[in-house]
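Quick look at start.cif (mmCIF, C-alpha atoms):
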```
data_data
#
loop_
_atom_site.label_atom_id
_atom_site.label_comp_id
_atom_site.auth_asym_id
_atom_site.auth_seq_id
_atom_site.Cartn_x
_atom_site.Cartn_y
_atom_site.Cartn_z
CA MET A 1 64.13 140.50 -66.24
CA ARG A 2 64.94 136.87 -66.96
CA CYS A 3 65.37 133.45 -65.38
CA VAL A 4 68.52 131.52 -66.21
CA GLU A 5 68.10 127.75 -66.07
CA LEU A 6 71.22 126.54 -64.27
CA ARG A 7 70.02 122.94 -64.29
CA THR A 8 67.32 121.18 -66.26
CA ALA A 9 65.78 118.08 -64.71
CA ARG A 10 63.39 115.68 -66.43
CA ALA A 11 60.17 115.60 -64.39
CA PRO A 12 61.77 117.60 -61.54
CA GLU A 13 60.55 116.98 -58.02
CA LEU A 14 61.10 120.64 -57.21
CA THR A 15 62.19 123.91 -58.82
CA LEU A 16 64.50 126.09 -56.76
CA VAL A 17 64.37 129.80 -57.68
CA LEU A 18 67.47 131.80 -56.64
CA LEU A 19 67.60 135.61 -56.35
CA HIS A 20 70.94 137.43 -56.45
CA HIS A 21 72.45 140.14 -54.27
CA ALA A 22 72.93 143.82 -55.20
CA GLY A 23 75.45 144.10 -58.00
CA GLY A 24 75.22 140.36 -58.64
CA SER A 25 73.76 138.21 -61.37
CA ALA A 26 72.45 134.72 -62.04
CA ASP A 27 76.00 133.50 -62.72
CA GLY A 28 76.90 133.89 -59.06
CA TYR A 29 74.83 130.82 -58.23
CA ARG A 30 76.41 128.45 -60.76
CA GLN A 31 78.63 126.92 -58.09
CA PHE A 32 75.51 125.89 -56.16
CA VAL A 33 74.36 123.47 -58.85
CA SER A 34 76.86 120.68 -58.11
CA HIS A 35 75.74 120.67 -54.45
CA LEU A 36 72.01 120.35 -55.18
CA PRO A 37 70.04 117.18 -56.00
CA ASP A 38 70.02 116.05 -59.63
CA HIS A 39 66.22 115.83 -59.57
CA TRP A 40 65.87 119.54 -58.75
CA ARG A 41 65.47 122.11 -61.48
CA VAL A 42 67.51 125.22 -60.61
CA LEU A 43 66.51 128.68 -61.88
CA ALA A 44 68.43 131.87 -61.13
CA ALA A 45 66.34 135.00 -61.55
CA GLU A 46 68.22 138.03 -62.85
CA LEU A 47 67.15 141.65 -62.60
CA PRO A 48 67.71 143.87 -65.65
CA GLY A 49 70.70 146.18 -65.96
CA ARG A 50 73.43 143.65 -65.17
CA VAL A 51 77.03 144.26 -66.22
CA HIS A 52 76.62 142.19 -69.40
CA ALA A 53 73.37 143.99 -70.34
CA SER A 54 74.76 147.45 -70.95
CA ARG A 55 71.65 148.81 -72.71
CA GLN A 56 69.16 147.82 -70.01
CA HIS A 57 68.08 150.03 -67.14
CA GLY A 58 67.92 148.49 -63.70
CA CYS A 59 64.85 148.24 -61.49
CA ARG A 60 64.13 151.25 -59.31
CA SER A 61 62.25 149.51 -56.49
CA VAL A 62 61.50 146.16 -54.89
CA ALA A 63 57.91 146.43 -56.18
CA GLU A 64 59.15 146.82 -59.76
CA ALA A 65 61.42 143.80 -59.33
CA VAL A 66 58.55 141.69 -57.94
CA ASP A 67 56.23 142.68 -60.78
CA GLY A 68 58.87 141.65 -63.31
CA LEU A 69 59.53 138.34 -61.57
CA LEU A 70 55.84 137.47 -61.47
CA ARG A 71 55.66 137.96 -65.23
CA VAL A 72 58.76 135.83 -65.81
CA LEU A 73 57.62 133.02 -63.51
CA ARG A 74 54.31 132.74 -65.35
CA ALA A 75 56.28 131.45 -68.33
CA GLU A 76 57.91 128.69 -66.29
CA SER A 77 56.45 125.22 -65.84
CA GLY A 78 54.40 124.47 -62.75
CA GLY A 79 54.97 122.09 -59.88
CA ALA A 80 56.42 122.33 -56.40
CA TYR A 81 58.93 125.13 -55.94
CA ALA A 82 61.04 126.93 -53.34
CA VAL A 83 62.65 130.39 -53.27
CA PHE A 84 66.02 131.57 -51.92
CA GLY A 85 67.44 135.11 -51.93
CA HIS A 86 70.62 136.70 -50.62
CA SER A 87 70.98 140.32 -49.44
CA MET A 88 68.93 142.47 -51.86
CA GLY A 89 67.65 139.18 -53.22
CA ALA A 90 66.25 138.32 -49.80
CA LEU A 91 64.14 141.50 -49.71
CA VAL A 92 62.88 140.82 -53.22
CA ALA A 93 62.23 137.14 -52.37
CA PHE A 94 60.24 138.11 -49.27
CA GLU A 95 57.99 140.51 -51.17
CA LEU A 96 57.71 138.04 -54.07
CA VAL A 97 56.44 135.33 -51.72
CA ARG A 98 54.03 137.78 -50.09
CA ALA A 99 52.60 138.44 -53.56
CA LEU A 100 52.47 134.73 -54.38
CA GLU A 101 50.63 134.01 -51.14
CA ARG A 102 48.07 136.70 -51.97
CA LEU A 103 47.58 134.92 -55.30
CA GLY A 104 47.06 131.63 -53.45
CA ARG A 105 50.25 130.13 -54.92
CA PRO A 106 52.84 129.98 -52.12
CA PRO A 107 56.14 128.11 -52.38
CA LEU A 108 56.97 125.15 -50.17
CA TRP A 109 59.83 127.04 -48.54
CA LEU A 110 61.58 130.42 -48.46
CA GLY A 111 65.26 130.96 -47.68
CA LEU A 112 66.41 134.45 -46.66
CA SER A 113 70.12 135.18 -46.41
CA GLY A 114 72.30 138.15 -45.54
CA SER A 115 69.52 140.69 -45.01
CA PRO A 116 68.21 142.33 -41.85
CA ALA A 117 64.51 141.81 -41.32
CA PRO A 118 62.29 144.89 -41.76
CA GLN A 119 60.66 146.15 -38.62
CA THR A 120 57.19 145.00 -37.71
CA GLY A 121 54.44 147.12 -36.24
CA GLY A 122 54.24 149.68 -39.04
CA PRO A 123 56.01 151.03 -42.10
CA ALA A 124 59.72 151.66 -41.79
CA ALA A 125 61.20 154.93 -43.03
CA PRO A 126 62.98 154.34 -46.34
CA ARG A 127 66.73 154.90 -46.45
CA ARG A 128 67.49 157.48 -49.11
CA HIS A 129 71.25 157.71 -49.44
CA THR A 130 73.20 159.47 -52.13
CA TRP A 131 75.48 157.10 -53.97
CA PRO A 132 78.06 158.95 -56.12
CA ARG A 133 80.43 156.78 -58.10
CA GLU A 134 83.32 157.08 -55.63
CA ARG A 135 81.15 156.05 -52.71
CA VAL A 136 79.75 153.05 -54.56
CA GLU A 137 83.22 151.85 -55.53
CA ASP A 138 84.49 152.29 -51.97
CA PHE A 139 81.49 150.39 -50.60
CA MET A 140 82.05 147.53 -53.05
CA ARG A 141 85.77 147.30 -52.28
CA ARG A 142 85.19 147.24 -48.51
CA LEU A 143 82.40 144.68 -48.70
CA GLY A 144 84.37 142.31 -50.95
CA GLY A 145 82.86 139.91 -53.44
CA THR A 146 84.42 141.65 -56.47
CA PRO A 147 87.82 140.49 -57.78
CA ASP A 148 90.45 143.23 -57.49
CA SER A 149 91.40 142.61 -61.11
CA ALA A 150 87.96 143.83 -62.27
CA TRP A 151 88.78 147.36 -61.13
CA HIS A 152 91.69 147.52 -63.61
CA HIS A 153 89.26 147.50 -66.57
CA PRO A 154 87.65 150.97 -66.81
CA VAL A 155 84.61 149.92 -68.89
CA LEU A 156 83.89 146.90 -66.68
CA ALA A 157 84.37 148.94 -63.51
CA GLU A 158 81.96 151.62 -64.74
CA ARG A 159 79.32 149.00 -65.54
CA MET A 160 79.74 147.35 -62.14
CA VAL A 161 79.28 150.67 -60.36
CA ARG A 162 76.25 151.55 -62.51
CA THR A 163 74.59 148.19 -61.72
CA MET A 164 75.35 148.50 -58.02
CA ARG A 165 73.99 152.04 -57.87
CA TRP A 166 70.66 150.92 -59.33
CA ASP A 167 70.49 147.97 -56.95
CA LEU A 168 71.29 150.12 -53.94
CA GLU A 169 68.38 152.35 -54.91
CA VAL A 170 66.15 149.25 -54.83
CA VAL A 171 67.29 148.53 -51.27
CA ASP A 172 67.32 152.11 -49.99
CA THR A 173 63.82 152.97 -51.21
CA TYR A 174 62.25 149.80 -49.83
CA GLU A 175 59.36 150.44 -47.43
CA TYR A 176 57.85 147.58 -45.49
CA ALA A 177 54.07 147.75 -45.64
CA GLY A 178 52.45 145.97 -42.75
CA GLY A 179 50.27 142.97 -43.37
CA PRO A 180 49.64 139.42 -42.24
CA PRO A 181 52.71 137.27 -41.66
CA LEU A 182 53.62 134.64 -44.20
CA THR A 183 52.33 131.10 -43.99
CA THR A 184 55.48 129.83 -45.75
CA PRO A 185 58.20 128.24 -43.58
CA LEU A 186 61.50 130.12 -43.47
CA SER A 187 65.15 129.21 -43.25
CA LEU A 188 67.36 132.14 -42.31
CA PHE A 189 71.07 132.32 -43.16
CA ALA A 190 73.65 134.68 -41.70
CA GLY A 191 77.41 135.11 -41.80
CA GLU A 192 78.83 135.33 -38.28
CA ALA A 193 80.98 138.33 -39.24
CA ASP A 194 78.58 140.04 -41.66
CA PRO A 195 78.68 143.79 -40.94
CA LEU A 196 75.51 144.49 -42.94
CA ALA A 197 73.32 141.68 -41.64
CA PRO A 198 74.55 140.24 -38.33
CA PRO A 199 72.76 137.10 -37.13
CA GLU A 200 70.73 138.90 -34.46
CA ARG A 201 69.15 141.12 -37.14
CA VAL A 202 68.59 138.26 -39.57
CA ARG A 203 66.90 136.31 -36.76
CA ARG A 204 64.05 138.84 -36.66
CA TRP A 205 62.66 137.51 -39.94
CA ARG A 206 60.95 134.98 -37.64
CA GLU A 207 58.42 137.71 -36.86
CA HIS A 208 57.27 137.62 -40.48
CA THR A 209 55.87 134.08 -40.64
CA ARG A 210 53.30 131.98 -38.81
CA ALA A 211 55.19 128.87 -39.89
CA SER A 212 58.51 127.56 -38.63
CA ALA A 213 61.71 129.57 -38.97
CA VAL A 214 65.20 128.20 -38.37
CA LEU A 215 68.40 130.27 -38.28
CA HIS A 216 71.66 128.97 -39.75
CA ARG A 217 74.82 130.83 -38.68
CA LEU A 218 77.91 130.18 -40.78
CA PRO A 219 81.48 131.50 -40.59
CA GLY A 220 82.27 134.44 -42.84
CA GLY A 221 81.19 137.91 -43.86
CA HIS A 222 78.50 139.20 -46.17
CA PHE A 223 79.41 136.81 -48.99
CA TYR A 224 79.89 133.80 -46.74
CA LEU A 225 77.57 131.68 -48.92
CA PHE A 226 79.93 131.68 -51.90
CA ASP A 227 82.87 130.64 -49.72
CA ARG A 228 80.77 127.89 -48.11
CA ALA A 229 78.49 126.87 -50.97
CA ALA A 230 78.49 123.18 -50.02
CA ASP A 231 77.44 123.92 -46.42
CA VAL A 232 74.72 126.35 -47.49
CA CYS A 233 73.31 123.95 -50.09
CA ARG A 234 73.32 121.07 -47.62
CA ARG A 235 71.16 123.10 -45.26
CA ILE A 236 68.88 124.20 -48.09
CA VAL A 237 68.36 120.58 -49.16
CA GLU A 238 67.73 119.40 -45.61
CA ASP A 239 65.21 122.15 -44.86
CA VAL A 240 63.38 121.95 -48.19
CA THR A 241 63.21 118.14 -47.96
CA ALA A 242 61.78 118.32 -44.44
CA HIS A 243 59.03 120.70 -45.53
CA THR A 244 58.37 118.73 -48.71
CA CYS A 245 57.82 115.57 -46.67
CA HIS A 246 55.57 117.47 -44.28
CA ALA A 247 53.52 118.94 -47.15
CA THR A 248 53.18 115.50 -48.73
CA ALA A 249 52.06 113.91 -45.48
CA ALA A 250 49.60 116.63 -44.51
CA PRO A 251 46.06 116.60 -45.96
CA ALA A 252 45.52 119.31 -48.57
CA PRO A 253 42.49 120.69 -50.37
CA GLY A 254 44.08 120.16 -53.78
CA PRO A 255 47.35 119.80 -55.67
CA HIS A 256 50.16 122.26 -54.97
CA ALA A 257 49.77 125.22 -57.30
CA PRO A 258 52.63 126.31 -59.56
CA PRO A 259 54.07 129.82 -59.66
CA PRO A 260 51.93 132.26 -61.65
#
```

Before anything else, please render the file you have as structure tokens.
Amino acid sequence: MRCVELRTARAPELTLVLLHHAGGSADGYRQFVSHLPDHWRVLAAELPGRVHASRQHGCRSVAEAVDGLLRVLRAESGGAYAVFGHSMGALVAFELVRALERLGRPPLWLGLSGSPAPQTGGPAAPRRHTWPRERVEDFMRRLGGTPDSAWHHPVLAERMVRTMRWDLEVVDTYEYAGGPPLTTPLSLFAGEADPLAPPERVRRWREHTRASAVLHRLPGGHFYLFDRAADVCRRIVEDVTAHTCHATAAPAPGPHAPPP
């Protein structure tokens, strides 16, 4: 588990923590940096077992990923921060913020993208699929997001499939445990043509917060955010800035606490 610093800012006004999708890595967010304010520090969290880390084993559950992220974030400097996750990263981000709220250290804002909301009203049955290599490769090819040229390199293709298989286990074994809704405001992001997380299913994340929740629908499929990075970042900046101004204006019992 590590955090990659995509941008360093002297005395940053805010740190944005980004969580990647299944099969992805911190590098996927590098194109976001040029569309974000210069005074923001940008960190991309990366789960173990990525393609470039051939000797690492991936996480086996969302809980394991959250525990690792809490340890990593303790080493980062404090201050105001926000969290954004896409697909698997949205599930991990949601549970991470739940843990941070229990610790009394919530972020200013949480962005959830490309993930259906878990059901409310009780635990959901975990999805326990079998993912042999051929099925994983077929799933990845149909979903897109991986250059066709990557499949022509046997070692690289095997590593991609291995990483994706571990990440799919994280998603498929996830069980939502009921509890109080978040107090953190949400921004929800959905691709209009996303077969895995259509907007009407992403919209239901609103049930998981007492604060405001706005839905952004953008053209594209599951990886719409990488095709429309400028549009996504503009909405992130607008929403985070609005909540930052609100938090600054509202009376508070003490200074905003940093991540653990």

Q: Write out as a PyMOL selection string which residues come within 12 Å of Phe32 (chain A) when counting all atoms listed in the file, dropping same-chain ones fewer than 3 positions away.
A: chain A and resi 6-7+16-18+26-29+35-38+40-44+84+225-234+236-237

Q. Expanded to explicit residues, what is the PyMOL selection byres ((chain A and resi 212) around 6) for this file, as a list of chain:residue names?
A.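 When the PyMOL selection byres ((chain A and resi 212) around 6) is applied, the selected residues are A:Pro185, A:Ala211, A:Ala213.
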
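Atom to atom, CA of Ala242 (chain A) and CA of Arg210 (chain A) stand 17.0 Å apart.
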
Q: Select, from A:Ser149, A:Thr209, A:Thr163, A:Thr8, the residue with the minimum atom-to-atom distance to His57 (chain A), counting all atoms listed in the file.
A: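 When distances to His57 (chain A) are compared using all atoms listed in the file, the smallest one comes from A:Thr163.
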
Hey, what's within 6 Å of Pro116 (chain A) if we count only C-alpha atoms and toss same-chain stuff fewer than 6 positions away? As a tab-separated table (two decimals) with C-alpha atoms, in the coordinates of the input, please?
```
chain	number	residue	atom	x	y	z
A	197	ALA	CA	73.32	141.68	-41.64
A	201	ARG	CA	69.15	141.12	-37.14
A	202	VAL	CA	68.59	138.26	-39.57
```

Q.
To one decimal place in Å, what is the distance between CA of Gly178 (chain A) and CA of Phe94 (chain A)?
A. 12.8 Å
